[in-house]
$ cat work.txt   # compact mmCIF, C-alpha atoms (C1' of nucleotides)
# COMPACT_ATOMS: atom_id res chain seq x y z
CA MET L 3 7.22 7.50 -30.20
CA ASP L 4 5.96 8.79 -26.89
CA THR L 5 7.78 9.78 -23.71
CA GLU L 6 7.51 6.34 -22.18
CA THR L 7 10.91 4.84 -23.05
CA PRO L 8 13.67 7.33 -22.45
CA GLY L 9 16.55 5.11 -23.57
CA THR L 10 16.76 1.67 -21.98
CA ALA L 11 13.91 -0.61 -21.00
CA ALA L 12 11.75 1.11 -18.39
CA VAL L 13 8.64 -0.15 -16.65
CA SER L 14 5.56 0.76 -18.69
CA ALA L 15 2.76 2.67 -17.03
CA ASP L 16 0.55 -0.42 -17.32
CA SER L 17 3.08 -2.77 -15.78
CA ALA L 18 3.73 -0.25 -13.02
CA ARG L 19 0.03 -0.09 -12.21
CA ASP L 20 -0.32 -3.87 -12.14
CA LEU L 21 2.81 -4.39 -10.11
CA ALA L 22 1.86 -1.71 -7.59
CA GLU L 23 -1.55 -3.34 -7.23
CA LEU L 24 0.10 -6.68 -6.57
CA PHE L 25 2.35 -5.30 -3.85
CA ARG L 26 -0.54 -3.33 -2.40
CA ALA L 27 -2.39 -6.60 -1.90
CA LEU L 28 0.32 -7.56 0.58
CA ALA L 29 0.85 -4.09 2.03
CA ASP L 30 -1.17 -4.50 5.20
CA PRO L 31 -0.24 -6.33 8.42
CA GLY L 32 -3.63 -7.99 8.65
CA ARG L 33 -3.44 -9.36 5.12
CA ILE L 34 0.13 -10.49 5.74
CA ARG L 35 -1.01 -12.53 8.72
CA ILE L 36 -3.95 -13.92 6.75
CA VAL L 37 -1.65 -15.04 3.94
CA GLY L 38 0.83 -16.34 6.53
CA ALA L 39 -1.91 -18.42 8.12
CA LEU L 40 -2.90 -19.79 4.72
CA ALA L 41 0.70 -20.92 4.22
CA ASP L 42 -0.21 -23.65 6.68
CA GLY L 43 -3.15 -24.88 4.59
CA ARG L 44 -6.77 -23.89 4.07
CA LYS L 45 -8.59 -22.04 6.81
CA ASN L 46 -12.09 -20.70 7.37
CA VAL L 47 -12.90 -17.10 8.19
CA GLY L 48 -13.09 -17.63 11.95
CA GLU L 49 -9.71 -19.36 12.03
CA LEU L 50 -8.18 -16.59 9.94
CA ALA L 51 -9.68 -13.95 12.25
CA ALA L 52 -8.06 -15.67 15.23
CA ALA L 53 -4.73 -16.05 13.42
CA ALA L 54 -4.66 -12.43 12.25
CA ASP L 55 -6.08 -11.05 15.48
CA LEU L 56 -8.82 -9.17 13.65
CA SER L 57 -12.60 -9.17 13.75
CA GLU L 58 -14.33 -11.62 11.45
CA SER L 59 -15.83 -8.69 9.59
CA ALA L 60 -12.45 -7.08 8.96
CA VAL L 61 -11.08 -10.42 7.76
CA SER L 62 -14.06 -10.92 5.51
CA HIS L 63 -13.43 -7.52 3.93
CA HIS L 64 -9.76 -8.34 3.36
CA LEU L 65 -10.67 -11.70 1.89
CA ARG L 66 -13.06 -10.02 -0.50
CA GLY L 67 -10.17 -8.01 -1.89
CA LEU L 68 -7.89 -11.02 -2.16
CA ARG L 69 -10.71 -12.95 -3.80
CA LEU L 70 -11.34 -10.23 -6.38
CA MET L 71 -7.63 -10.32 -7.22
CA ARG L 72 -7.88 -14.13 -7.50
CA LEU L 73 -5.13 -14.53 -4.94
CA VAL L 74 -7.30 -16.86 -2.85
CA ARG L 75 -9.97 -19.42 -3.67
CA THR L 76 -12.94 -20.60 -1.59
CA GLU L 77 -14.61 -23.89 -0.75
CA LYS L 78 -17.98 -23.81 0.97
CA GLU L 79 -18.57 -26.47 3.57
CA GLY L 80 -21.80 -26.24 5.54
CA ARG L 81 -21.86 -22.86 7.16
CA HIS L 82 -18.11 -22.45 6.89
CA VAL L 83 -16.12 -21.09 3.98
CA TYR L 84 -12.57 -22.33 3.59
CA TYR L 85 -9.95 -20.20 1.95
CA THR L 86 -6.83 -21.36 0.12
CA MET L 87 -3.99 -19.47 -1.55
CA ASP L 88 -4.57 -19.58 -5.28
CA ASP L 89 -1.56 -17.75 -6.69
CA GLU L 90 1.71 -19.60 -6.25
CA HIS L 91 3.82 -16.77 -7.57
CA VAL L 92 2.38 -14.20 -5.16
CA PHE L 93 2.83 -16.74 -2.40
CA GLU L 94 6.47 -16.99 -3.42
CA ILE L 95 6.88 -13.20 -3.30
CA PHE L 96 5.35 -13.30 0.16
CA ARG L 97 7.85 -15.94 1.34
CA CYS L 98 10.67 -13.98 -0.27
CA GLY L 99 9.69 -10.91 1.70
CA LEU L 100 9.31 -12.89 4.89
CA ASP L 101 12.84 -14.22 4.44
CA HIS L 102 14.04 -10.66 4.05
CA VAL L 103 12.35 -9.53 7.26
CA HIS L 104 13.60 -12.52 9.24
CA HIS L 105 17.25 -12.62 8.08
CA ARG L 106 18.64 -9.35 9.38
CA MET Z 6 1.28 -18.39 26.27
CA ASP Z 7 -0.55 -15.70 24.39
CA THR Z 8 -2.88 -15.87 21.46
CA GLU Z 9 -0.18 -15.32 18.89
CA THR Z 10 0.70 -18.90 17.85
CA PRO Z 11 -2.43 -20.97 17.37
CA GLY Z 12 -0.69 -24.20 16.43
CA THR Z 13 1.91 -24.03 13.69
CA ALA Z 14 4.32 -21.19 12.95
CA ALA Z 15 2.38 -18.04 12.19
CA VAL Z 16 3.67 -14.61 11.23
CA SER Z 17 4.23 -12.55 14.39
CA ALA Z 18 2.60 -9.15 14.70
CA ASP Z 19 6.04 -7.52 14.45
CA SER Z 20 7.07 -9.41 11.32
CA ALA Z 21 3.69 -8.68 9.79
CA ARG Z 22 4.14 -4.97 10.42
CA ASP Z 23 7.67 -4.94 8.95
CA LEU Z 24 6.72 -7.02 5.95
CA ALA Z 25 3.66 -4.92 5.19
CA GLU Z 26 5.82 -1.80 5.40
CA LEU Z 27 8.27 -3.31 2.93
CA PHE Z 28 5.55 -4.15 0.42
CA ARG Z 29 3.96 -0.76 0.94
CA ALA Z 30 7.21 0.84 -0.20
CA LEU Z 31 6.60 -0.73 -3.61
CA ALA Z 32 2.82 -0.34 -3.61
CA ASP Z 33 2.62 2.73 -5.82
CA PRO Z 34 2.97 3.00 -9.61
CA GLY Z 35 5.21 6.05 -9.33
CA ARG Z 36 7.61 4.37 -6.95
CA ILE Z 37 7.58 1.25 -9.12
CA ARG Z 38 8.70 3.31 -12.10
CA ILE Z 39 11.32 5.07 -10.00
CA VAL Z 40 12.75 1.76 -8.83
CA GLY Z 41 12.47 0.41 -12.37
CA ALA Z 42 14.48 3.36 -13.66
CA LEU Z 43 17.10 2.80 -10.97
CA ALA Z 44 17.46 -0.78 -12.21
CA ASP Z 45 19.32 0.80 -15.10
CA GLY Z 46 21.85 2.54 -12.85
CA ARG Z 47 21.96 5.71 -10.80
CA LYS Z 48 19.77 8.62 -11.80
CA ASN Z 49 19.21 12.16 -10.56
CA VAL Z 50 15.83 13.55 -9.53
CA GLY Z 51 15.09 15.16 -12.87
CA GLU Z 52 15.85 11.97 -14.76
CA LEU Z 53 13.67 9.99 -12.39
CA ALA Z 54 10.82 12.48 -12.78
CA ALA Z 55 11.00 12.05 -16.55
CA ALA Z 56 11.18 8.26 -16.26
CA ALA Z 57 8.28 8.03 -13.83
CA ASP Z 58 6.24 10.72 -15.58
CA LEU Z 59 5.79 12.68 -12.35
CA SER Z 60 6.62 16.19 -11.19
CA GLU Z 61 10.05 16.61 -9.64
CA SER Z 62 8.40 17.52 -6.38
CA ALA Z 63 6.33 14.33 -6.31
CA VAL Z 64 9.44 12.29 -7.08
CA SER Z 65 11.37 14.08 -4.37
CA HIS Z 66 8.67 13.18 -1.86
CA HIS Z 67 8.74 9.53 -2.93
CA LEU Z 68 12.52 9.48 -2.73
CA ARG Z 69 12.36 10.87 0.78
CA GLY Z 70 10.30 7.84 1.84
CA LEU Z 71 12.59 5.38 0.08
CA ARG Z 72 15.59 7.14 1.65
CA LEU Z 73 14.12 6.91 5.15
CA MET Z 74 13.63 3.19 4.61
CA ARG Z 75 17.23 2.97 3.39
CA LEU Z 76 16.09 1.46 0.11
CA VAL Z 77 18.02 4.06 -1.88
CA ARG Z 78 21.25 5.95 -1.30
CA THR Z 79 22.32 9.39 -2.57
CA GLU Z 80 25.43 10.96 -4.06
CA LYS Z 81 25.56 14.72 -4.38
CA GLU Z 82 27.27 16.05 -7.47
CA GLY Z 83 27.16 19.79 -8.02
CA ARG Z 84 23.54 20.81 -7.97
CA HIS Z 85 22.37 17.31 -8.84
CA VAL Z 86 21.65 14.45 -6.46
CA TYR Z 87 22.09 10.96 -7.82
CA TYR Z 88 20.06 8.09 -6.41
CA THR Z 89 21.02 4.41 -6.37
CA MET Z 90 19.17 1.33 -5.13
CA ASP Z 91 20.68 0.36 -1.81
CA ASP Z 92 18.78 -2.79 -0.85
CA GLU Z 93 19.58 -5.73 -3.07
CA HIS Z 94 16.93 -7.97 -1.52
CA VAL Z 95 14.11 -5.47 -2.06
CA PHE Z 96 15.39 -4.99 -5.57
CA GLU Z 97 15.12 -8.75 -6.04
CA ILE Z 98 11.55 -8.75 -4.74
CA PHE Z 99 10.83 -5.98 -7.23
CA ARG Z 100 12.24 -8.01 -10.12
CA CYS Z 101 10.36 -11.08 -8.92
CA GLY Z 102 7.11 -9.11 -9.02
CA LEU Z 103 7.93 -7.67 -12.42
CA ASP Z 104 8.47 -11.18 -13.76
CA HIS Z 105 5.07 -12.13 -12.41
CA VAL Z 106 3.35 -9.21 -14.12
CA HIS Z 107 5.11 -9.80 -17.43
CA HIS Z 108 4.74 -13.59 -17.72
CA ARG Z 109 0.99 -14.04 -18.00
C1' DT I 8 26.37 39.43 -7.93
C1' DT I 9 22.30 38.60 -10.25
C1' DT I 10 19.83 34.93 -12.45
C1' DA I 11 18.59 30.39 -13.49
C1' DC I 12 18.73 25.60 -12.00
C1' DA I 13 18.21 21.28 -9.06
C1' DT I 14 16.45 19.60 -5.14
C1' DA I 15 13.98 19.49 -0.68
C1' DT I 16 10.20 20.34 2.25
C1' DG I 17 5.89 22.02 4.74
C1' DA I 18 1.05 22.90 4.18
C1' DA I 19 -3.21 22.01 2.03
C1' DT I 20 -6.18 19.01 -0.15
C1' DA I 21 -8.42 15.18 -2.44
C1' DA I 22 -8.60 10.40 -2.79
C1' DC I 23 -8.03 6.02 -0.75
C1' DT I 24 -7.94 2.45 2.99
C1' DG I 25 -9.08 -0.24 7.03
C1' DT I 26 -12.11 -0.82 10.70
C1' DT I 27 -16.48 -1.00 13.04
C1' DC I 28 -21.29 -1.38 13.28
C1' DA I 29 -25.65 -2.79 11.66
C1' DT I 30 -27.79 -5.92 9.05
C1' DA I 31 -28.74 -9.66 5.66
C1' DT I 32 -28.39 -14.50 4.07
C1' DG I 33 -27.95 -19.14 4.54
C1' DT I 34 -26.89 -23.25 7.71
C1' DT I 35 -26.98 -26.03 11.61
C1' DT I 36 -28.68 -27.30 16.22
C1' DA I 37 -32.19 -27.41 19.89
C1' DT N 8 -39.78 -23.73 13.96
C1' DA N 9 -36.82 -20.96 16.74
C1' DA N 10 -32.34 -19.81 18.12
C1' DA N 11 -27.52 -19.69 17.44
C1' DC N 12 -23.79 -19.60 14.14
C1' DA N 13 -20.71 -18.37 10.09
C1' DT N 14 -20.04 -15.36 6.64
C1' DA N 15 -20.82 -11.31 3.63
C1' DT N 16 -21.68 -6.62 2.74
C1' DG N 17 -22.93 -1.54 2.75
C1' DA N 18 -22.42 2.76 5.18
C1' DA N 19 -19.91 5.67 8.07
C1' DC N 20 -15.77 7.23 9.94
C1' DA N 21 -10.95 7.96 11.05
C1' DG N 22 -6.53 7.70 9.50
C1' DT N 23 -3.29 7.59 5.73
C1' DT N 24 -1.31 8.76 1.27
C1' DA N 25 -0.06 11.11 -3.09
C1' DT N 26 -0.08 15.19 -5.31
C1' DT N 27 0.33 20.19 -5.97
C1' DC N 28 1.77 24.64 -4.75
C1' DA N 29 4.62 27.86 -2.51
C1' DT N 30 8.87 28.49 -0.83
C1' DA N 31 13.64 27.69 0.85
C1' DT N 32 18.51 26.28 0.13
C1' DG N 33 22.49 25.65 -2.26
C1' DT N 34 25.04 25.49 -6.81
C1' DA N 35 26.38 26.97 -11.37
C1' DA N 36 26.27 30.19 -15.12
C1' DA N 37 25.91 34.90 -16.99
$ encode --input "work.txt" --output "structure tokens"
Amino acid sequence: MDTETPGTAAVSADSARDLAELFRALADPGRIRIVGALADGRKNVGELAAAADLSESAVSHHLRGLRLMRLVRTEKEGRHVYYTMDDEHVFEIFRCGLDHVHHR
Amino acid sequence: MDTETPGTAAVSADSARDLAELFRALADPGRIRIVGALADGRKNVGELAAAADLSESAVSHHLRGLRLMRLVRTEKEGRHVYYTMDDEHVFEIFRCGLDHVHHR
DNA sequence: TTTACATATGAATAACTGTTCATATGTTTA
DNA sequence: TAAACATATGAACAGTTATTCATATGTAAA
């Protein structure tokens, strides 16, 4: 037995890494506003840039990260790319946090 | 009217900042393990260092941040300092995330 | 009252993150 | 076809973060 479980159930190193990564995905004001905008339905990069008050390049970089984590999904339409939230549970954590920030 | 609300309810810049800060508090594997250990009841710095597999100094630095955000509370006892979670809602968000990481 | 212990903290540093800028690709419009 | 548009991406840079190390403070034990 290793040093990982000192008595009662602790968070394993692996779970801790995964969970931290998940929270990190939401740990930026720009990404919060992007996800908040997507709460309202699918949006393209330009619309998200306007909603988050960021350059389209910055938004595109953020979306790349969210895409790699499979938190969002894309639909190409002509020269636009529409983004949609693709992880209901993360979306729920987001709403949960938003509640917290609003009610106090 | 400013550029902040493009149609439906968006996340304000202020809420986005606060919410990102909240998620950032949990966006580190060490802090995740610290909070996970505190789920089990109050712990002193040495116990938390063992649980999180970090130096006591590193843990102390993390605890300072959590303290400043009023996410944890302290009780001095002799030469030990015991830490307790002090924000039930953040704790709930933590558990919510942990569920997500475990069930899949 | 020394000595060891538990915790806190500042400084230094290495790694990471978010933004901008330049540029590339593919699509529509003129 | 040429020009404008929408998006993506790599490089560079500035700012932030997590850790370690040295050190300080206060408490308990010898």
$ atom_distance --input "work.txt" --atom1 "CA of Ala21 in chain Z" --atom2 "CA of Asp91 in chain Z"
22.5 Å
$ closest_residue --input "work.txt" --among "I:DT30, I:DT14, I:DT36, I:DT8" --to "chain Z" --atoms "only C-alpha atoms (C1' of nucleotides)"
I:DT14
$ interface_residues --input "work.txt" --of "chain Z" --to "chain I" --cutoff "8 Å" --atoms "only C-alpha atoms (C1' of nucleotides)" --output "MDAnalysis selection string"
chainID Z and resid 50:51 65 84:86
$ axis_aligned_box --input "work.txt" --around "range 48-61 of chain Z" --padding-each-side "3 Å" --output "JSON"
{"center_x": 12.8, "center_y": 12.3, "center_z": -13.0, "size_x": 20.0, "size_y": 14.6, "size_z": 13.0}
$ closest_residue --input "work.txt" --among "Z:Glu52, Z:Asp33, Z:Glu97, Z:Asp45" --to "chain N" --atoms "all atoms listed in the file"
Z:Asp33
$ interface_residues --input "work.txt" --of "chain N" --to "chain Z" --cutoff "8 Å" --atoms "all atoms listed in the file" --output "list in words"
DA25, DT26, DG33, DT34 and DA35 of chain N
$ interface_residues --input "work.txt" --of "chain L" --to "chain Z" --cutoff "6 Å" --atoms "all atoms listed in the file" --output "VMD selection string"
chain L and resid 12 to 13 18 to 19 22 25 to 26 29 to 31 34 to 35 38 to 39
$ atom_distance --input "work.txt" --atom1 "CA of Leu68 in chain Z" --atom2 "CA of Tyr88 in chain Z"
8.5 Å
$ atom_distance --input "work.txt" --atom1 "CA of Asn46 in chain L" --atom2 "CA of Thr86 in chain L"
9.0 Å
